[in-house]
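Data from start_27.cif: mmCIF, N, CA and C atoms
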```
data_final
#
loop_
_atom_site.label_atom_id
_atom_site.label_comp_id
_atom_site.auth_asym_id
_atom_site.auth_seq_id
_atom_site.Cartn_x
_atom_site.Cartn_y
_atom_site.Cartn_z
N MET N 11 95.59 111.87 124.28
CA MET N 11 95.49 111.40 122.90
C MET N 11 95.96 109.95 122.83
N LYS N 12 95.18 109.13 122.14
CA LYS N 12 95.56 107.72 121.99
C LYS N 12 96.82 107.60 121.14
N PRO N 13 97.68 106.62 121.43
CA PRO N 13 98.91 106.46 120.64
C PRO N 13 98.64 106.33 119.14
N GLU N 14 97.58 105.60 118.75
CA GLU N 14 97.27 105.46 117.32
C GLU N 14 96.96 106.82 116.70
N ASP N 15 96.27 107.70 117.45
CA ASP N 15 95.98 109.05 116.95
C ASP N 15 97.25 109.89 116.85
N LYS N 16 98.14 109.72 117.80
CA LYS N 16 99.41 110.46 117.78
C LYS N 16 100.25 110.03 116.57
N LEU N 17 100.28 108.73 116.29
CA LEU N 17 100.99 108.24 115.11
C LEU N 17 100.43 108.87 113.84
N LYS N 18 99.10 108.93 113.76
CA LYS N 18 98.44 109.52 112.59
C LYS N 18 98.81 111.00 112.47
N GLU N 19 98.81 111.70 113.61
CA GLU N 19 99.18 113.12 113.63
C GLU N 19 100.60 113.32 113.13
N LEU N 20 101.48 112.38 113.44
CA LEU N 20 102.88 112.45 112.98
C LEU N 20 103.04 111.99 111.53
N GLY N 21 101.94 111.56 110.91
CA GLY N 21 102.00 111.09 109.53
C GLY N 21 102.57 109.69 109.40
N LEU N 22 102.47 108.89 110.47
CA LEU N 22 103.02 107.54 110.48
C LEU N 22 101.92 106.50 110.52
N GLU N 23 102.17 105.36 109.90
CA GLU N 23 101.25 104.23 109.94
C GLU N 23 102.00 103.01 110.44
N LEU N 24 101.28 102.15 111.13
CA LEU N 24 101.89 100.89 111.56
C LEU N 24 101.99 99.97 110.34
N PRO N 25 103.16 99.41 110.12
CA PRO N 25 103.35 98.53 108.95
C PRO N 25 102.66 97.18 109.15
N GLU N 26 102.40 96.51 108.03
CA GLU N 26 101.85 95.16 108.09
C GLU N 26 102.94 94.18 108.51
N LYS N 27 102.49 93.12 109.16
CA LYS N 27 103.41 92.08 109.62
C LYS N 27 104.14 91.45 108.44
N ARG N 28 105.39 91.16 108.61
CA ARG N 28 106.20 90.51 107.59
C ARG N 28 106.30 89.00 107.84
N THR N 29 106.71 88.27 106.83
CA THR N 29 106.88 86.83 106.94
C THR N 29 108.02 86.51 107.91
N LYS N 30 107.77 85.54 108.81
CA LYS N 30 108.81 85.13 109.76
C LYS N 30 109.94 84.42 109.01
N GLY N 31 111.12 84.47 109.60
CA GLY N 31 112.28 83.83 109.01
C GLY N 31 112.64 82.50 109.63
N GLY N 32 111.75 81.94 110.46
CA GLY N 32 112.10 80.68 111.11
C GLY N 32 111.00 80.19 112.02
N ASN N 33 111.35 79.25 112.87
CA ASN N 33 110.41 78.59 113.76
C ASN N 33 110.38 79.32 115.11
N TYR N 34 109.67 80.43 115.17
CA TYR N 34 109.54 81.23 116.38
C TYR N 34 108.25 82.03 116.30
N ILE N 35 107.89 82.67 117.39
CA ILE N 35 106.72 83.56 117.37
C ILE N 35 107.20 84.99 117.58
N SER N 36 106.38 85.94 117.19
CA SER N 36 106.80 87.33 117.23
C SER N 36 106.69 87.96 118.61
N CYS N 37 105.95 87.30 119.52
CA CYS N 37 105.76 87.88 120.83
C CYS N 37 105.43 86.78 121.84
N VAL N 38 106.04 86.86 123.01
CA VAL N 38 105.72 85.97 124.12
C VAL N 38 105.24 86.85 125.27
N ARG N 39 104.08 86.48 125.81
CA ARG N 39 103.55 87.21 126.96
C ARG N 39 103.69 86.34 128.20
N THR N 40 104.23 86.94 129.26
CA THR N 40 104.26 86.30 130.56
C THR N 40 103.80 87.34 131.57
N GLY N 41 102.66 87.08 132.19
CA GLY N 41 102.07 88.08 133.07
C GLY N 41 101.73 89.33 132.29
N ASN N 42 102.23 90.47 132.76
CA ASN N 42 101.98 91.74 132.07
C ASN N 42 103.16 92.18 131.21
N LEU N 43 104.09 91.29 130.96
CA LEU N 43 105.24 91.64 130.13
C LEU N 43 105.14 90.97 128.77
N LEU N 44 105.47 91.74 127.74
CA LEU N 44 105.62 91.20 126.38
C LEU N 44 107.09 91.22 126.03
N PHE N 45 107.59 90.09 125.53
CA PHE N 45 108.95 89.98 125.03
C PHE N 45 108.82 89.81 123.52
N LEU N 46 109.25 90.80 122.76
CA LEU N 46 109.11 90.76 121.32
C LEU N 46 110.34 90.17 120.66
N SER N 47 110.12 89.42 119.59
CA SER N 47 111.23 89.01 118.73
C SER N 47 111.75 90.27 118.05
N GLY N 48 112.92 90.20 117.50
CA GLY N 48 113.51 91.36 116.85
C GLY N 48 112.66 91.91 115.72
N SER N 49 112.56 93.24 115.69
CA SER N 49 111.85 93.95 114.62
C SER N 49 112.89 94.64 113.75
N LEU N 50 112.87 94.32 112.47
CA LEU N 50 113.86 94.84 111.53
C LEU N 50 113.41 96.12 110.84
N SER N 51 114.38 96.85 110.31
CA SER N 51 114.12 97.97 109.40
C SER N 51 114.14 97.39 107.98
N TYR N 52 113.07 96.70 107.62
CA TYR N 52 113.03 95.94 106.36
C TYR N 52 113.37 96.76 105.13
N ASP N 53 112.97 98.03 105.12
CA ASP N 53 113.15 98.84 103.92
C ASP N 53 114.44 99.65 103.90
N VAL N 54 115.17 99.62 105.00
CA VAL N 54 116.45 100.33 105.05
C VAL N 54 117.55 99.29 105.20
N ILE N 55 118.31 99.11 104.12
CA ILE N 55 119.33 98.08 104.05
C ILE N 55 120.70 98.75 103.97
N GLY N 56 121.67 98.21 104.67
CA GLY N 56 123.03 98.73 104.57
C GLY N 56 123.69 98.90 105.92
N LYS N 57 124.92 99.36 105.87
CA LYS N 57 125.73 99.55 107.08
C LYS N 57 125.86 101.03 107.40
N VAL N 58 125.46 101.40 108.62
CA VAL N 58 125.61 102.77 109.07
C VAL N 58 127.10 103.05 109.24
N GLY N 59 127.53 104.18 108.73
CA GLY N 59 128.94 104.53 108.77
C GLY N 59 129.68 104.07 107.54
N ASP N 60 128.99 103.38 106.65
CA ASP N 60 129.56 102.92 105.38
C ASP N 60 128.62 103.34 104.25
N THR N 61 127.57 102.59 104.01
CA THR N 61 126.62 102.92 102.94
C THR N 61 125.47 103.78 103.43
N LEU N 62 125.31 103.94 104.75
CA LEU N 62 124.24 104.75 105.32
C LEU N 62 124.81 105.79 106.28
N THR N 63 124.15 106.95 106.34
CA THR N 63 124.53 108.00 107.29
C THR N 63 123.87 107.74 108.64
N ILE N 64 124.30 108.48 109.65
CA ILE N 64 123.65 108.39 110.95
C ILE N 64 122.17 108.75 110.82
N GLU N 65 121.85 109.76 110.01
CA GLU N 65 120.46 110.18 109.83
C GLU N 65 119.63 109.06 109.20
N GLU N 66 120.20 108.35 108.26
CA GLU N 66 119.48 107.21 107.66
C GLU N 66 119.32 106.08 108.67
N GLY N 67 120.32 105.88 109.52
CA GLY N 67 120.21 104.90 110.59
C GLY N 67 119.14 105.28 111.60
N TYR N 68 119.07 106.56 111.92
CA TYR N 68 118.05 107.09 112.82
C TYR N 68 116.65 106.77 112.27
N ALA N 69 116.46 107.03 110.98
CA ALA N 69 115.19 106.73 110.32
C ALA N 69 114.91 105.22 110.32
N ALA N 70 115.95 104.42 110.15
CA ALA N 70 115.79 102.96 110.17
C ALA N 70 115.34 102.48 111.55
N SER N 71 115.86 103.08 112.61
CA SER N 71 115.45 102.66 113.95
C SER N 71 113.99 103.06 114.22
N ARG N 72 113.57 104.17 113.64
CA ARG N 72 112.14 104.55 113.75
C ARG N 72 111.28 103.51 113.01
N GLN N 73 111.73 103.09 111.85
CA GLN N 73 110.97 102.09 111.11
C GLN N 73 110.91 100.77 111.88
N ALA N 74 112.00 100.36 112.45
CA ALA N 74 112.03 99.10 113.21
C ALA N 74 111.10 99.16 114.42
N ILE N 75 111.06 100.30 115.12
CA ILE N 75 110.18 100.38 116.29
C ILE N 75 108.72 100.40 115.85
N LEU N 76 108.42 100.91 114.67
CA LEU N 76 107.05 100.86 114.16
C LEU N 76 106.61 99.41 113.95
N PHE N 77 107.52 98.56 113.46
CA PHE N 77 107.20 97.13 113.34
C PHE N 77 106.94 96.53 114.72
N ALA N 78 107.71 96.94 115.71
CA ALA N 78 107.48 96.45 117.08
C ALA N 78 106.11 96.90 117.58
N LEU N 79 105.74 98.14 117.30
CA LEU N 79 104.43 98.64 117.73
C LEU N 79 103.30 97.85 117.07
N SER N 80 103.50 97.45 115.82
CA SER N 80 102.51 96.61 115.14
C SER N 80 102.33 95.28 115.87
N THR N 81 103.43 94.70 116.30
CA THR N 81 103.38 93.44 117.04
C THR N 81 102.65 93.62 118.36
N ILE N 82 102.95 94.70 119.07
CA ILE N 82 102.30 94.98 120.35
C ILE N 82 100.79 95.16 120.15
N LYS N 83 100.42 95.93 119.15
CA LYS N 83 99.00 96.17 118.86
C LYS N 83 98.29 94.85 118.54
N GLU N 84 98.93 94.01 117.76
CA GLU N 84 98.34 92.71 117.42
C GLU N 84 98.12 91.87 118.68
N GLU N 85 99.03 91.95 119.62
CA GLU N 85 98.93 91.14 120.83
C GLU N 85 97.88 91.65 121.82
N VAL N 86 97.79 92.98 122.01
CA VAL N 86 96.92 93.52 123.06
C VAL N 86 95.71 94.29 122.54
N GLY N 87 95.61 94.50 121.24
CA GLY N 87 94.43 95.13 120.66
C GLY N 87 94.55 96.62 120.41
N GLU N 88 95.10 97.35 121.35
CA GLU N 88 95.31 98.78 121.14
C GLU N 88 96.53 99.25 121.94
N LEU N 89 97.20 100.24 121.40
CA LEU N 89 98.46 100.68 122.01
C LEU N 89 98.26 101.41 123.33
N SER N 90 97.07 101.89 123.60
CA SER N 90 96.83 102.55 124.88
C SER N 90 96.92 101.58 126.06
N LYS N 91 96.99 100.28 125.79
CA LYS N 91 97.16 99.29 126.85
C LYS N 91 98.62 99.15 127.28
N VAL N 92 99.53 99.84 126.61
CA VAL N 92 100.94 99.84 127.01
C VAL N 92 101.08 100.69 128.27
N LYS N 93 101.66 100.08 129.32
CA LYS N 93 101.90 100.80 130.57
C LYS N 93 103.31 101.39 130.63
N LYS N 94 104.29 100.64 130.08
CA LYS N 94 105.68 101.09 130.16
C LYS N 94 106.56 100.33 129.18
N PHE N 95 107.37 101.06 128.42
CA PHE N 95 108.43 100.41 127.65
C PHE N 95 109.58 100.20 128.63
N VAL N 96 109.94 98.95 128.83
CA VAL N 96 110.90 98.59 129.86
C VAL N 96 112.32 98.63 129.31
N LYS N 97 112.56 97.96 128.17
CA LYS N 97 113.93 97.82 127.66
C LYS N 97 113.92 97.68 126.15
N LEU N 98 114.85 98.37 125.50
CA LEU N 98 115.13 98.18 124.07
C LEU N 98 116.56 97.68 123.93
N LEU N 99 116.73 96.69 123.07
CA LEU N 99 118.07 96.28 122.64
C LEU N 99 118.15 96.63 121.17
N GLY N 100 118.96 97.60 120.85
CA GLY N 100 119.13 98.05 119.47
C GLY N 100 120.40 97.46 118.88
N MET N 101 120.22 96.72 117.80
CA MET N 101 121.35 96.12 117.08
C MET N 101 121.46 96.84 115.74
N ILE N 102 122.60 97.45 115.49
CA ILE N 102 122.79 98.27 114.32
C ILE N 102 123.85 97.65 113.44
N ASN N 103 123.51 97.51 112.16
CA ASN N 103 124.43 97.00 111.15
C ASN N 103 125.39 98.16 110.83
N THR N 104 126.63 98.07 111.29
CA THR N 104 127.55 99.20 111.18
C THR N 104 128.88 98.82 110.54
N ALA N 105 129.53 99.87 110.05
CA ALA N 105 130.92 99.72 109.62
C ALA N 105 131.75 99.35 110.84
N PHE N 106 132.87 98.69 110.60
CA PHE N 106 133.72 98.18 111.68
C PHE N 106 134.12 99.26 112.68
N ASP N 107 134.43 100.46 112.21
CA ASP N 107 134.95 101.51 113.10
C ASP N 107 133.87 102.51 113.53
N PHE N 108 132.60 102.23 113.27
CA PHE N 108 131.51 103.14 113.62
C PHE N 108 131.23 103.07 115.12
N THR N 109 131.06 104.24 115.76
CA THR N 109 130.83 104.26 117.21
C THR N 109 129.58 105.07 117.59
N GLY N 110 128.73 105.39 116.63
CA GLY N 110 127.55 106.21 116.91
C GLY N 110 126.26 105.43 117.06
N GLN N 111 126.34 104.20 117.57
CA GLN N 111 125.14 103.36 117.69
C GLN N 111 124.05 104.04 118.53
N ALA N 112 124.43 104.72 119.59
CA ALA N 112 123.44 105.38 120.44
C ALA N 112 122.67 106.45 119.66
N LYS N 113 123.36 107.19 118.80
CA LYS N 113 122.69 108.21 117.98
C LYS N 113 121.68 107.58 117.04
N VAL N 114 122.00 106.42 116.50
CA VAL N 114 121.07 105.71 115.62
C VAL N 114 119.83 105.29 116.41
N MET N 115 120.02 104.73 117.58
CA MET N 115 118.91 104.24 118.39
C MET N 115 118.03 105.36 118.95
N ASN N 116 118.55 106.58 118.95
CA ASN N 116 117.72 107.71 119.38
C ASN N 116 116.46 107.83 118.52
N GLY N 117 116.51 107.37 117.27
CA GLY N 117 115.33 107.42 116.42
C GLY N 117 114.17 106.66 117.03
N ALA N 118 114.42 105.45 117.49
CA ALA N 118 113.37 104.63 118.12
C ALA N 118 112.96 105.24 119.46
N SER N 119 113.93 105.61 120.27
CA SER N 119 113.63 106.15 121.59
C SER N 119 112.84 107.45 121.49
N ASP N 120 113.25 108.34 120.59
CA ASP N 120 112.54 109.60 120.39
C ASP N 120 111.10 109.35 119.97
N LEU N 121 110.89 108.40 119.07
CA LEU N 121 109.54 108.11 118.59
C LEU N 121 108.65 107.60 119.72
N LEU N 122 109.17 106.73 120.56
CA LEU N 122 108.37 106.22 121.67
C LEU N 122 107.94 107.33 122.61
N VAL N 123 108.84 108.27 122.90
CA VAL N 123 108.49 109.38 123.77
C VAL N 123 107.49 110.31 123.07
N GLU N 124 107.66 110.55 121.76
CA GLU N 124 106.71 111.38 121.01
C GLU N 124 105.30 110.80 121.06
N VAL N 125 105.19 109.49 120.92
CA VAL N 125 103.89 108.84 120.81
C VAL N 125 103.27 108.55 122.17
N PHE N 126 104.07 108.12 123.14
CA PHE N 126 103.54 107.65 124.43
C PHE N 126 103.79 108.61 125.59
N GLY N 127 104.62 109.63 125.38
CA GLY N 127 105.00 110.53 126.47
C GLY N 127 106.15 109.94 127.27
N GLU N 128 106.74 110.77 128.13
CA GLU N 128 107.93 110.35 128.87
C GLU N 128 107.65 109.24 129.87
N ASP N 129 106.53 109.31 130.58
CA ASP N 129 106.25 108.32 131.62
C ASP N 129 106.19 106.90 131.07
N VAL N 130 105.57 106.73 129.91
CA VAL N 130 105.42 105.41 129.30
C VAL N 130 106.55 105.11 128.32
N GLY N 131 106.97 106.09 127.57
CA GLY N 131 107.90 105.87 126.45
C GLY N 131 109.37 105.76 126.80
N THR N 132 109.81 106.36 127.92
CA THR N 132 111.23 106.25 128.26
C THR N 132 111.52 104.84 128.77
N HIS N 133 112.74 104.39 128.56
CA HIS N 133 113.09 102.98 128.77
C HIS N 133 114.58 102.84 129.00
N ALA N 134 114.97 101.69 129.51
CA ALA N 134 116.39 101.32 129.53
C ALA N 134 116.75 100.89 128.10
N ARG N 135 118.03 101.01 127.74
CA ARG N 135 118.38 100.72 126.35
C ARG N 135 119.84 100.30 126.23
N THR N 136 120.07 99.40 125.28
CA THR N 136 121.41 99.02 124.87
C THR N 136 121.49 99.18 123.36
N ALA N 137 122.60 99.69 122.86
CA ALA N 137 122.79 99.85 121.41
C ALA N 137 124.16 99.29 121.05
N VAL N 138 124.18 98.31 120.15
CA VAL N 138 125.43 97.66 119.74
C VAL N 138 125.50 97.54 118.23
N GLY N 139 126.70 97.39 117.71
CA GLY N 139 126.90 97.18 116.28
C GLY N 139 127.15 95.72 115.99
N MET N 140 126.57 95.22 114.90
CA MET N 140 126.74 93.82 114.50
C MET N 140 126.18 93.59 113.10
N MET N 141 126.40 92.40 112.56
CA MET N 141 125.79 91.99 111.30
C MET N 141 124.34 91.63 111.57
N LEU N 142 123.46 91.95 110.62
CA LEU N 142 122.04 91.68 110.81
C LEU N 142 121.44 90.88 109.66
N PRO N 143 120.35 90.16 109.94
CA PRO N 143 119.69 89.39 108.89
C PRO N 143 119.15 90.29 107.78
N ARG N 144 119.15 89.75 106.58
CA ARG N 144 118.59 90.43 105.40
C ARG N 144 119.29 91.74 105.07
N GLY N 145 120.42 92.02 105.71
CA GLY N 145 121.14 93.26 105.47
C GLY N 145 120.48 94.49 106.07
N ALA N 146 119.49 94.27 106.94
CA ALA N 146 118.77 95.39 107.55
C ALA N 146 119.73 96.28 108.32
N ALA N 147 119.42 97.57 108.35
CA ALA N 147 120.26 98.52 109.07
C ALA N 147 120.09 98.41 110.58
N VAL N 148 118.86 98.09 111.02
CA VAL N 148 118.57 98.08 112.46
C VAL N 148 117.64 96.91 112.79
N GLU N 149 117.86 96.30 113.94
CA GLU N 149 116.94 95.35 114.53
C GLU N 149 116.77 95.72 115.99
N ILE N 150 115.52 95.69 116.48
CA ILE N 150 115.25 96.09 117.86
C ILE N 150 114.47 95.00 118.57
N ASP N 151 114.97 94.61 119.74
CA ASP N 151 114.23 93.75 120.66
C ASP N 151 113.57 94.65 121.70
N VAL N 152 112.34 94.31 122.07
CA VAL N 152 111.57 95.16 123.00
C VAL N 152 110.99 94.30 124.11
N ILE N 153 111.05 94.86 125.33
CA ILE N 153 110.31 94.33 126.47
C ILE N 153 109.38 95.46 126.91
N VAL N 154 108.09 95.14 127.00
CA VAL N 154 107.09 96.16 127.31
C VAL N 154 106.09 95.61 128.33
N GLU N 155 105.69 96.49 129.27
CA GLU N 155 104.66 96.14 130.23
C GLU N 155 103.32 96.62 129.69
N VAL N 156 102.30 95.75 129.77
CA VAL N 156 100.96 96.08 129.28
C VAL N 156 99.94 95.81 130.37
N GLU N 157 98.73 96.30 130.14
CA GLU N 157 97.61 96.04 131.06
C GLU N 157 97.23 94.58 131.00
#
```
Here is a file; write its structure as C-alpha cells.
Amino acid sequence: MKPEDKLKELGLELPEKRTKGGNYISCVRTGNLLFLSGSLSYDVIGKVGDTLTIEEGYAASRQAILFALSTIKEEVGELSKVKKFVKLLGMINTAFDFTGQAKVMNGASDLLVEVFGEDVGTHARTAVGMMLPRGAAVEIDVIVEVE
C-alpha cells in the first residue's frame, strides 16, 4: 500500500505548507539524503507537563511529522520514494521538570512505522525539552533517504 493511501486509511491528510519564519529553505537535498528544516506542531501550542498532557504532546508530534511528510512529498513527488527515515530530532516545549520527552516523540515515531512499515519507518532519534518558536508544543528535524 502506498504511504498516501495508508495516511488516508488512517483518516489523516498532509497539511498545506506554512509561511516560513526567515531566510531559509524547508529542505536541502544532497545525494539521496533530504535534510528538513524543523516542522512545527502549528495547531498545538503550549508546554507539555504544564498546559499540555503527554497525550496532547504525542498528538502534537504526530502533527509535526505530518508537516515533515508534506515537505518530503513536495521535494520528491510521492512518499513511496522514501527509502529510509534515518534520524529524527524531536524538540519538545516542556515544563522545567518534565522528563517524558521520549513518550511525546513516540507519536511521530509510531506514525512513521504505521505508514511506512518497520523497515522504512524506524529511525534513530533524539528527544529533548526546550523553548520553541510560536509556542509550538513540538518541532521535529528529519533526515531521510530517498530514491
| field | Residue members of the PyMOL selection byres ((chain N and resi 139) around 6) in the file shown, as a PyMOL selection string | value | chain N and resi 101-104+137-138+140-141
Can you spit out the residues from that selection as a short mmCIF file (atom, residue, chain, number, x, y, z; two decimals), in the coordinates of the input, using N, CA and C atoms?
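Done, and the output landed in part-v8.cif:
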```
data_model
loop_
_atom_site.label_atom_id
_atom_site.label_comp_id
_atom_site.auth_asym_id
_atom_site.auth_seq_id
_atom_site.Cartn_x
_atom_site.Cartn_y
_atom_site.Cartn_z
N MET N 101 120.22 96.72 117.80
CA MET N 101 121.35 96.12 117.08
C MET N 101 121.46 96.84 115.74
N ILE N 102 122.60 97.45 115.49
CA ILE N 102 122.79 98.27 114.32
C ILE N 102 123.85 97.65 113.44
N ASN N 103 123.51 97.51 112.16
CA ASN N 103 124.43 97.00 111.15
C ASN N 103 125.39 98.16 110.83
N THR N 104 126.63 98.07 111.29
CA THR N 104 127.55 99.20 111.18
C THR N 104 128.88 98.82 110.54
N ALA N 137 122.60 99.69 122.86
CA ALA N 137 122.79 99.85 121.41
C ALA N 137 124.16 99.29 121.05
N VAL N 138 124.18 98.31 120.15
CA VAL N 138 125.43 97.66 119.74
C VAL N 138 125.50 97.54 118.23
N MET N 140 126.57 95.22 114.90
CA MET N 140 126.74 93.82 114.50
C MET N 140 126.18 93.59 113.10
N MET N 141 126.40 92.40 112.56
CA MET N 141 125.79 91.99 111.30
C MET N 141 124.34 91.63 111.57
#
```
Residues in the PyMOL selection byres ((chain N and resi 50) around 6.5), expressed as a tab-separated table (two decimals) with N, CA and C atoms, keeping the file's coordinate frame:
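Output file expr.tsv is given in full below:
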```tsv
chain	number	residue	atom	x	y	z
N	48	GLY	N	112.92	90.20	117.50
N	48	GLY	CA	113.51	91.36	116.85
N	48	GLY	C	112.66	91.91	115.72
N	49	SER	N	112.56	93.24	115.69
N	49	SER	CA	111.85	93.95	114.62
N	49	SER	C	112.89	94.64	113.75
N	51	SER	N	114.38	96.85	110.31
N	51	SER	CA	114.12	97.97	109.40
N	51	SER	C	114.14	97.39	107.98
N	52	TYR	N	113.07	96.70	107.62
N	52	TYR	CA	113.03	95.94	106.36
N	52	TYR	C	113.37	96.76	105.13
N	53	ASP	N	112.97	98.03	105.12
N	53	ASP	CA	113.15	98.84	103.92
N	53	ASP	C	114.44	99.65	103.90
N	73	GLN	N	111.73	103.09	111.85
N	73	GLN	CA	110.97	102.09	111.11
N	73	GLN	C	110.91	100.77	111.88
N	74	ALA	N	112.00	100.36	112.45
N	74	ALA	CA	112.03	99.10	113.21
N	74	ALA	C	111.10	99.16	114.42
N	75	ILE	N	111.06	100.30	115.12
N	75	ILE	CA	110.18	100.38	116.29
N	75	ILE	C	108.72	100.40	115.85
N	77	PHE	N	107.52	98.56	113.46
N	77	PHE	CA	107.20	97.13	113.34
N	77	PHE	C	106.94	96.53	114.72
N	146	ALA	N	119.49	94.27	106.94
N	146	ALA	CA	118.77	95.39	107.55
N	146	ALA	C	119.73	96.28	108.32
N	148	VAL	N	118.86	98.09	111.02
N	148	VAL	CA	118.57	98.08	112.46
N	148	VAL	C	117.64	96.91	112.79
N	149	GLU	N	117.86	96.30	113.94
N	149	GLU	CA	116.94	95.35	114.53
N	149	GLU	C	116.77	95.72	115.99
N	150	ILE	N	115.52	95.69	116.48
N	150	ILE	CA	115.25	96.09	117.86
N	150	ILE	C	114.47	95.00	118.57
```
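With distances restricted to only N, CA and C atoms, N:Leu98 is the closest residue to N:Ala134 from N:Leu98, N:Gly59, N:Asn33, N:Val114.
Between atom CA of N:Lys94 and atom CA of N:Pro143 the separation is 28.0 Å.
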| query | Which of these residues is nearest to N:Ala69, using only C-alpha atoms: N:Cys37, N:Glu157, N:Ile55, N:Phe106? | reply | N:Ile55
Could you add whatever atoms are missing so that stretch 36-43 of chain N carries all heavy atoms, then write the result as a tab-separated table (two decimals), in the frame of the given file?
```
chain	number	residue	atom	x	y	z
N	36	SER	N	106.38	85.94	117.19
N	36	SER	CA	106.80	87.33	117.23
N	36	SER	C	106.69	87.96	118.61
N	36	SER	O	107.27	89.02	118.86
N	36	SER	CB	106.01	88.16	116.22
N	36	SER	OG	104.62	88.04	116.47
N	37	CYS	N	105.95	87.30	119.52
N	37	CYS	CA	105.76	87.88	120.83
N	37	CYS	C	105.43	86.78	121.84
N	37	CYS	O	104.63	85.89	121.55
N	37	CYS	CB	104.61	88.88	120.77
N	37	CYS	SG	104.24	89.70	122.31
N	38	VAL	N	106.04	86.86	123.01
N	38	VAL	CA	105.72	85.97	124.12
N	38	VAL	C	105.24	86.85	125.27
N	38	VAL	O	105.91	87.81	125.65
N	38	VAL	CB	106.95	85.14	124.57
N	38	VAL	CG1	106.65	84.38	125.86
N	38	VAL	CG2	107.39	84.21	123.47
N	39	ARG	N	104.08	86.48	125.81
N	39	ARG	CA	103.55	87.21	126.96
N	39	ARG	C	103.69	86.34	128.20
N	39	ARG	O	103.33	85.17	128.20
N	39	ARG	CB	102.08	87.54	126.74
N	39	ARG	CG	101.50	88.37	127.87
N	39	ARG	CD	100.09	88.80	127.59
N	39	ARG	NE	99.66	89.73	128.63
N	39	ARG	CZ	98.71	90.62	128.47
N	39	ARG	NH1	98.06	90.70	127.33
N	39	ARG	NH2	98.40	91.43	129.46
N	40	THR	N	104.23	86.94	129.26
N	40	THR	CA	104.26	86.30	130.56
N	40	THR	C	103.80	87.34	131.57
N	40	THR	O	104.43	88.40	131.72
N	40	THR	CB	105.65	85.71	130.90
N	40	THR	OG1	105.59	85.09	132.18
N	40	THR	CG2	106.75	86.73	130.87
N	41	GLY	N	102.66	87.08	132.19
N	41	GLY	CA	102.07	88.08	133.07
N	41	GLY	C	101.73	89.33	132.29
N	41	GLY	O	101.05	89.26	131.25
N	42	ASN	N	102.23	90.47	132.76
N	42	ASN	CA	101.98	91.74	132.07
N	42	ASN	C	103.16	92.18	131.21
N	42	ASN	O	103.21	93.35	130.81
N	42	ASN	CB	101.64	92.83	133.09
N	42	ASN	CG	100.25	92.65	133.66
N	42	ASN	OD1	99.45	91.88	133.14
N	42	ASN	ND2	99.96	93.36	134.74
N	43	LEU	N	104.09	91.29	130.96
N	43	LEU	CA	105.24	91.64	130.13
N	43	LEU	C	105.14	90.97	128.77
N	43	LEU	O	104.79	89.80	128.67
N	43	LEU	CB	106.54	91.22	130.80
N	43	LEU	CG	106.95	91.98	132.06
N	43	LEU	CD1	108.24	91.39	132.63
N	43	LEU	CD2	107.11	93.47	131.78
```
